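With TSV, C-alpha atoms inside, this is query.tsv:
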```tsv
chain	number	residue	atom	x	y	z
A	21	MET	CA	-24.51	-28.87	0.48
A	22	PHE	CA	-24.30	-25.15	-0.23
A	23	LYS	CA	-26.42	-24.19	-3.22
A	24	ILE	CA	-27.09	-20.96	-5.03
A	25	THR	CA	-30.54	-20.64	-6.55
A	26	PRO	CA	-30.86	-20.00	-9.40
A	27	ARG	CA	-27.57	-21.50	-10.58
A	28	PRO	CA	-24.85	-19.03	-11.62
A	29	GLY	CA	-24.44	-18.23	-15.30
A	30	ARG	CA	-27.16	-17.08	-17.67
A	31	ALA	CA	-30.03	-18.39	-15.52
A	32	TYR	CA	-28.60	-16.67	-12.44
A	33	TRP	CA	-29.53	-13.26	-13.82
A	34	GLY	CA	-33.17	-14.07	-14.51
A	35	GLU	CA	-35.19	-12.92	-17.47
A	36	ASN	CA	-35.33	-9.18	-16.80
A	37	LEU	CA	-32.10	-8.15	-18.51
A	38	SER	CA	-33.58	-5.54	-20.83
A	39	ALA	CA	-33.21	-2.81	-18.20
A	40	ALA	CA	-29.49	-3.58	-17.84
A	41	GLY	CA	-29.02	-3.51	-21.61
A	42	TYR	CA	-30.80	-0.17	-21.89
A	43	VAL	CA	-28.75	1.50	-19.14
A	44	LEU	CA	-25.39	0.08	-20.23
A	45	LYS	CA	-26.12	0.45	-23.95
A	46	ASP	CA	-24.65	-3.03	-24.27
A	47	TRP	CA	-26.33	-6.24	-25.46
A	48	HIS	CA	-23.22	-8.33	-26.11
A	49	TRP	CA	-23.13	-10.17	-22.80
A	50	ILE	CA	-20.78	-12.86	-21.58
A	51	PHE	CA	-22.17	-14.87	-18.66
A	52	VAL	CA	-19.54	-16.27	-16.33
A	53	ASP	CA	-20.07	-19.03	-13.78
A	54	PRO	CA	-17.04	-18.75	-11.46
A	55	GLU	CA	-18.11	-21.93	-9.60
A	56	ILE	CA	-17.30	-20.32	-6.28
A	57	LYS	CA	-17.04	-22.67	-3.31
A	58	ALA	CA	-19.09	-22.09	-0.16
A	59	ILE	CA	-16.06	-21.34	2.00
A	60	THR	CA	-13.44	-19.31	0.16
A	61	SER	CA	-11.63	-16.06	0.85
A	62	PRO	CA	-11.99	-12.83	-1.17
A	63	SER	CA	-8.30	-13.03	-2.07
A	64	ALA	CA	-8.79	-16.56	-3.45
A	65	ARG	CA	-11.77	-15.41	-5.53
A	66	PHE	CA	-9.73	-12.41	-6.76
A	67	LYS	CA	-6.96	-14.76	-7.87
A	68	GLU	CA	-9.46	-17.02	-9.65
A	69	GLY	CA	-10.77	-14.00	-11.57
A	70	TYR	CA	-7.23	-12.96	-12.49
A	71	ILE	CA	-6.45	-16.44	-13.84
A	72	PHE	CA	-9.80	-16.63	-15.63
A	73	ALA	CA	-9.07	-13.38	-17.47
A	74	GLN	CA	-5.61	-14.61	-18.37
A	75	GLU	CA	-6.96	-17.86	-19.82
A	76	ASN	CA	-9.85	-16.18	-21.67
A	77	GLU	CA	-8.15	-12.97	-22.77
A	78	ASN	CA	-8.93	-13.28	-26.48
A	79	ILE	CA	-12.62	-14.03	-25.93
A	80	ILE	CA	-12.99	-11.05	-23.61
A	81	ARG	CA	-11.02	-8.76	-25.94
A	82	ASN	CA	-13.27	-9.71	-28.87
A	83	ASN	CA	-16.32	-8.91	-26.78
A	84	ILE	CA	-14.88	-5.53	-25.81
A	85	MET	CA	-14.50	-4.71	-29.51
A	86	LEU	CA	-18.11	-5.75	-30.18
A	87	CYS	CA	-19.20	-3.37	-27.44
A	88	GLY	CA	-17.52	-0.36	-29.04
A	89	ASN	CA	-14.36	-0.73	-26.95
A	90	MET	CA	-16.37	-0.46	-23.74
A	91	PHE	CA	-15.42	-2.87	-20.95
A	92	GLN	CA	-18.24	-3.18	-18.41
A	93	ILE	CA	-18.69	-5.77	-15.66
A	94	VAL	CA	-21.68	-6.60	-13.47
A	95	ALA	CA	-21.12	-8.92	-10.50
A	96	HIS	CA	-23.20	-10.17	-7.58
A	97	GLY	CA	-22.33	-11.54	-4.14
A	98	GLN	CA	-19.05	-13.45	-4.05
A	99	GLY	CA	-18.56	-12.66	-7.74
A	100	VAL	CA	-17.43	-9.13	-6.84
A	101	ALA	CA	-13.96	-10.32	-5.78
A	102	PHE	CA	-13.76	-12.44	-8.94
A	103	ALA	CA	-14.64	-9.39	-11.06
A	104	GLU	CA	-11.95	-7.29	-9.39
A	105	GLY	CA	-9.45	-10.00	-10.32
A	106	VAL	CA	-10.55	-9.84	-13.96
A	107	SER	CA	-10.12	-6.06	-14.05
A	108	ALA	CA	-6.76	-6.27	-12.30
A	109	PHE	CA	-5.39	-8.67	-14.92
A	110	PHE	CA	-6.37	-6.48	-17.86
A	111	PHE	CA	-5.01	-3.35	-16.23
A	112	GLU	CA	-1.78	-4.74	-14.82
A	113	GLU	CA	-0.89	-7.05	-17.70
A	114	LYS	CA	-2.46	-5.33	-20.73
A	115	GLY	CA	-3.02	-1.71	-19.74
A	116	ILE	CA	-6.78	-1.99	-20.34
A	117	ILE	CA	-9.03	-0.11	-17.91
A	118	THR	CA	-12.50	-1.41	-17.08
A	119	ASP	CA	-14.87	1.45	-17.91
A	120	LEU	CA	-17.60	0.51	-15.46
A	121	SER	CA	-18.04	-2.12	-12.74
A	122	ILE	CA	-21.39	-2.58	-11.03
A	123	TYR	CA	-21.27	-4.60	-7.82
A	124	LEU	CA	-24.51	-5.91	-6.35
A	125	GLN	CA	-24.63	-6.99	-2.70
A	126	GLY	CA	-20.98	-8.00	-2.56
A	127	THR	CA	-19.81	-10.43	0.10
A	128	ASN	CA	-17.06	-9.48	2.60
A	129	MET	CA	-16.14	-6.49	0.48
A	130	ALA	CA	-13.71	-4.94	2.96
A	131	ALA	CA	-11.33	-7.87	2.40
A	132	ILE	CA	-11.43	-7.80	-1.41
A	133	PRO	CA	-8.05	-6.96	-3.02
A	134	GLN	CA	-8.28	-4.09	-5.50
A	135	SER	CA	-6.11	-2.51	-8.15
A	136	ARG	CA	-7.26	1.07	-7.64
A	137	ARG	CA	-6.80	2.36	-11.19
A	138	ALA	CA	-8.03	-0.81	-12.90
A	139	VAL	CA	-11.63	0.47	-12.98
A	140	ASP	CA	-12.72	3.93	-14.09
A	141	CYS	CA	-16.02	3.89	-12.19
A	142	ARG	CA	-17.23	1.46	-9.53
A	143	ILE	CA	-20.89	1.36	-8.46
A	144	VAL	CA	-21.64	-0.49	-5.22
A	145	CYS	CA	-25.24	-1.49	-4.55
A	146	THR	CA	-26.26	-2.78	-1.12
A	147	SER	CA	-29.53	-3.50	0.68
A	148	SER	CA	-30.31	-2.62	4.29
A	149	ASN	CA	-32.79	-5.48	4.22
A	150	ASP	CA	-30.33	-8.15	3.08
A	151	LEU	CA	-30.20	-11.49	4.88
A	152	PRO	CA	-28.13	-11.39	8.11
A	153	ILE	CA	-25.49	-13.76	6.71
A	154	TYR	CA	-24.68	-11.21	3.98
A	155	LYS	CA	-24.71	-8.05	6.09
A	156	ARG	CA	-21.30	-8.65	7.67
A	157	LYS	CA	-19.38	-7.70	4.58
A	158	GLY	CA	-17.81	-4.30	5.24
A	159	SER	CA	-17.22	-1.66	2.62
A	160	LEU	CA	-15.23	-1.78	-0.59
A	161	ARG	CA	-12.13	0.39	-0.24
A	162	PHE	CA	-12.29	1.98	-3.69
A	163	LYS	CA	-15.67	2.93	-5.10
A	164	ASP	CA	-17.26	5.91	-6.82
A	165	ILE	CA	-21.03	5.58	-6.50
A	166	SER	CA	-22.99	4.12	-3.60
A	167	ILE	CA	-26.59	2.89	-3.89
A	168	ILE	CA	-28.37	1.73	-0.74
A	169	GLU	CA	-31.76	0.02	-0.84
A	170	ASN	CA	-34.02	0.31	2.19
A	171	ASP	CA	-37.55	-1.00	2.78
A	172	LEU	CA	-39.34	1.81	4.61
A	173	GLY	CA	-42.02	-0.53	5.95
A	174	ASN	CA	-44.87	1.55	4.54
A	175	GLY	CA	-45.19	-0.10	1.15
A	176	PHE	CA	-42.29	1.89	-0.35
A	177	CYS	CA	-38.61	1.15	-0.87
A	178	ARG	CA	-36.05	3.94	-1.03
A	179	TYR	CA	-32.87	3.88	-3.10
A	180	SER	CA	-30.34	6.38	-1.75
A	181	ILE	CA	-27.72	7.33	-4.35
A	182	SER	CA	-24.55	9.25	-3.59
A	183	LEU	CA	-21.09	9.97	-4.96
A	184	VAL	CA	-18.42	8.68	-2.61
A	185	ASN	CA	-16.18	11.70	-3.19
A	186	GLY	CA	-19.02	14.17	-3.51
A	187	SER	CA	-20.63	16.51	-1.02
A	188	ALA	CA	-22.40	14.90	1.94
A	189	ASN	CA	-25.48	16.89	0.98
A	190	ASN	CA	-25.39	15.71	-2.61
A	191	MET	CA	-27.53	12.59	-2.19
A	192	SER	CA	-30.54	11.63	-4.29
A	193	HIS	CA	-33.42	9.35	-3.36
A	194	LEU	CA	-35.69	7.32	-5.63
A	195	TYR	CA	-38.86	5.75	-4.23
A	196	PHE	CA	-40.65	2.67	-5.53
A	197	ARG	CA	-43.90	1.12	-4.38
A	198	PHE	CA	-43.09	-2.42	-3.22
A	199	SER	CA	-41.97	-4.32	-0.11
A	200	LEU	CA	-39.15	-6.79	0.28
A	201	LYS	CA	-39.48	-10.41	1.24
A	202	ASP	CA	-36.74	-12.10	3.24
A	203	LYS	CA	-36.17	-14.89	0.73
A	204	SER	CA	-35.69	-12.52	-2.19
A	205	ALA	CA	-33.75	-9.79	-0.38
A	206	HIS	CA	-30.35	-11.01	-1.58
A	207	PHE	CA	-31.33	-11.21	-5.25
A	208	MET	CA	-32.06	-7.60	-6.19
A	209	HIS	CA	-30.82	-8.26	-9.72
A	210	ILE	CA	-33.73	-10.67	-10.29
A	211	SER	CA	-36.63	-9.44	-8.20
A	212	ARG	CA	-36.02	-5.65	-8.37
A	213	SER	CA	-34.55	-5.17	-11.82
A	214	PHE	CA	-36.40	-1.95	-12.69
A	215	PRO	CA	-35.67	0.02	-9.47
A	216	LEU	CA	-32.11	-1.26	-9.41
A	217	TRP	CA	-31.22	-0.19	-12.93
A	218	SER	CA	-33.17	3.05	-12.63
A	219	SER	CA	-30.96	3.86	-9.63
A	220	VAL	CA	-27.80	2.86	-11.50
A	221	GLU	CA	-28.75	5.14	-14.40
A	222	HIS	CA	-29.44	8.00	-11.99
A	223	GLY	CA	-26.10	7.44	-10.25
A	224	LEU	CA	-24.23	7.48	-13.55
A	225	GLY	CA	-25.90	10.77	-14.40
A	226	MET	CA	-24.70	12.24	-11.10
A	227	TYR	CA	-21.20	10.91	-11.70
A	228	ILE	CA	-21.02	12.42	-15.18
A	229	GLU	CA	-22.23	15.81	-13.97
A	230	ASN	CA	-19.64	15.74	-11.20
A	231	GLU	CA	-16.88	14.98	-13.72
A	232	VAL	CA	-18.04	17.85	-15.90
A	233	ASP	CA	-18.08	20.26	-12.98
A	234	SER	CA	-14.52	19.30	-12.04
A	235	TYR	CA	-13.25	20.95	-15.21
A	236	SER	CA	-12.99	24.74	-15.27
A	237	ASN	CA	-12.35	25.21	-19.00
A	238	ASN	CA	-14.25	24.09	-22.09
A	239	VAL	CA	-17.07	22.60	-20.06
A	240	ALA	CA	-19.25	22.00	-23.11
A	241	ASP	CA	-16.52	20.00	-24.86
A	242	VAL	CA	-15.80	17.97	-21.73
A	243	ARG	CA	-19.50	17.24	-21.31
A	244	ASN	CA	-19.73	15.87	-24.86
A	245	VAL	CA	-16.68	13.64	-24.38
A	246	ILE	CA	-17.93	12.19	-21.09
A	247	LEU	CA	-21.45	11.64	-22.34
A	248	GLU	CA	-20.04	9.90	-25.39
A	249	LYS	CA	-17.89	7.68	-23.22
A	250	HIS	CA	-20.46	6.67	-20.59
A	251	ILE	CA	-23.80	6.80	-22.37
A	252	MET	CA	-23.71	6.97	-26.15
A	253	ASN	CA	-21.78	3.73	-26.72
```
Is it possible to express this structure as structure tokens?
Amino acid sequence: MFKITPRPGRAYWGENLSAAGYVLKDWHWIFVDPEIKAITSPSARFKEGYIFAQENENIIRNNIMLCGNMFQIVAHGQGVAFAEGVSAFFFEEKGIITDLSIYLQGTNMAAIPQSRRAVDCRIVCTSSNDLPIYKRKGSLRFKDISIIENDLGNGFCRYSISLVNGSANNMSHLYFRFSLKDKSAHFMHISRSFPLWSSVEHGLGMYIENEVDSYSNNVADVRNVILEKHIMN
């Protein structure tokens, strides 16, 4: 029988959630166990997320209000397709845009349906040292920030952070002193919480600066609005 350890839901995310709360400025979490079957297509998982959002609209809306009208989603593995379905429902049916989606080691991402404008900013985190079964997943069609983890084999791991629509030369690297183990490679959200969320925070900073630079007038005012939207809430 196919099993996920630890079980999805609250326990799935481990105990090190403080880093996520600090970066997202959000402590009002809803933990979702999509009960994904071992063999299921990305389109089926997308549909399940769409239906889930439809059936739980009021609960999710109330949580968005608690979070200062910020709608942020973090998903791992097969949950990425489910999360895209949730965002698609709120955008297509209610006109609500997901402010930020963070996808960790998504499965078969090239086949995931997406509503392009449903999410304001998508961060995709992958690991070059992931288990072979998870490496054949392709690339998400629509994304804004890419974070790639790589064990350098010398006691350090490198996190390469880049903007998908930015300059090829505009890539940052963060280095952390640790090595990956095969059994924990697919669970970066549990075993590498600090380097992961440090990289996410760095990527958001790059994204905000890029948005600011895209405006030619009133740069200071634009900077304040974007910072308020992405960080201060």
| field | Nearest candidate to Asn174 of chain A (options A:Tyr195, A:Gly41, A:Val144, A:Ile79; using only C-alpha atoms) | value |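 Nearest candidate to Asn174 of chain A out of A:Tyr195, A:Gly41, A:Val144, A:Ile79: A:Tyr195.
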Hey, what's within 8 Å of segment 205-214 of chain A if we count all atoms listed in the file and toss same-chain stuff fewer than 4 positions away? As a PDB file with C-alpha atoms, in the frame of the given file, please?
```pdb
ATOM      1  CA  TRP A  33     -29.530 -13.260 -13.820  1.00  0.00           C
ATOM      2  CA  GLY A  34     -33.170 -14.070 -14.510  1.00  0.00           C
ATOM      3  CA  GLU A  35     -35.190 -12.920 -17.470  1.00  0.00           C
ATOM      4  CA  ASN A  36     -35.330  -9.180 -16.800  1.00  0.00           C
ATOM      5  CA  LEU A  37     -32.100  -8.150 -18.510  1.00  0.00           C
ATOM      6  CA  ALA A  39     -33.210  -2.810 -18.200  1.00  0.00           C
ATOM      7  CA  LEU A 124     -24.510  -5.910  -6.350  1.00  0.00           C
ATOM      8  CA  GLN A 125     -24.630  -6.990  -2.700  1.00  0.00           C
ATOM      9  CA  SER A 147     -29.530  -3.500   0.680  1.00  0.00           C
ATOM     10  CA  ASN A 149     -32.790  -5.480   4.220  1.00  0.00           C
ATOM     11  CA  ASP A 150     -30.330  -8.150   3.080  1.00  0.00           C
ATOM     12  CA  LEU A 151     -30.200 -11.490   4.880  1.00  0.00           C
ATOM     13  CA  TYR A 154     -24.680 -11.210   3.980  1.00  0.00           C
ATOM     14  CA  LEU A 200     -39.150  -6.790   0.280  1.00  0.00           C
ATOM     15  CA  LYS A 201     -39.480 -10.410   1.240  1.00  0.00           C
ATOM     16  CA  SER A 218     -33.170   3.050 -12.630  1.00  0.00           C
TER      17      SER A 218
END
```
| query | Could you work out how far atom CA of Gly29 of chain A lies from atom CA of Asp53 of chain A, giving the answer in Å with one decimal? | reply |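 Those two atoms sit 4.7 Å apart.
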| request: Give the answer as one residue: which of A:Asn83, A:Ser148, A:Gln92, A:Gln74 has the shortest atom-to-atom distance to Glu112 of chain A, using all atoms listed in the file? | output: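 Using all atoms listed in the file, the shortest distance to Glu112 of chain A belongs to A:Gln74.
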| message | Report, in Å with one decimal, the straight-line distance from atom CA of Ile93 of chain A to atom CA of Asn230 of chain A. | response |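 The value is 22.0 Å.
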| request: Give me, please, the distance in Å between atom CA of Asn170 of chain A and atom CA of Leu183 of chain A, quoted to one decimal. | output: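 Atom CA of Leu183 of chain A lies 17.7 Å from atom CA of Asn170 of chain A.
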| task | Find, counting all atoms listed in the file, the residue in A:Leu86, A:Asp171, A:Phe51, A:Pro215 that gets nearest to Ala31 of chain A. | result |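 Between A:Leu86, A:Asp171, A:Phe51, A:Pro215, the residue approaching Ala31 of chain A most closely is A:Phe51.
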| Of the listed residues A:Gly97, A:Gly69, A:Gly88, A:Pro133, that which approaches Phe109 of chain A most closely, counting all atoms listed in the file |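 Looking only at the distances to Phe109 of chain A, the closest residue turns out to be A:Gly69.
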| field | Proximity to Val220 of chain A - best of A:Phe102, A:Trp49, A:Tyr179, A:Phe91, only C-alpha atoms | value | A:Tyr179
| task | Write out as a PyMOL selection string which residues come within 10 Å of Gln134 of chain A when counting all atoms listed in the file, dropping same-chain ones fewer than 3 positions away. | result | chain A and resi 63+66+101+103-105+107-108+131+137-139+160-162
| query | With only C-alpha atoms as the basis for distance, which of A:Val106, A:Ile116, A:Val184, A:Leu172 is at the shortest distance from Arg142 of chain A? | reply |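 Nearest candidate to Arg142 of chain A out of A:Val106, A:Ile116, A:Val184, A:Leu172: A:Val184.
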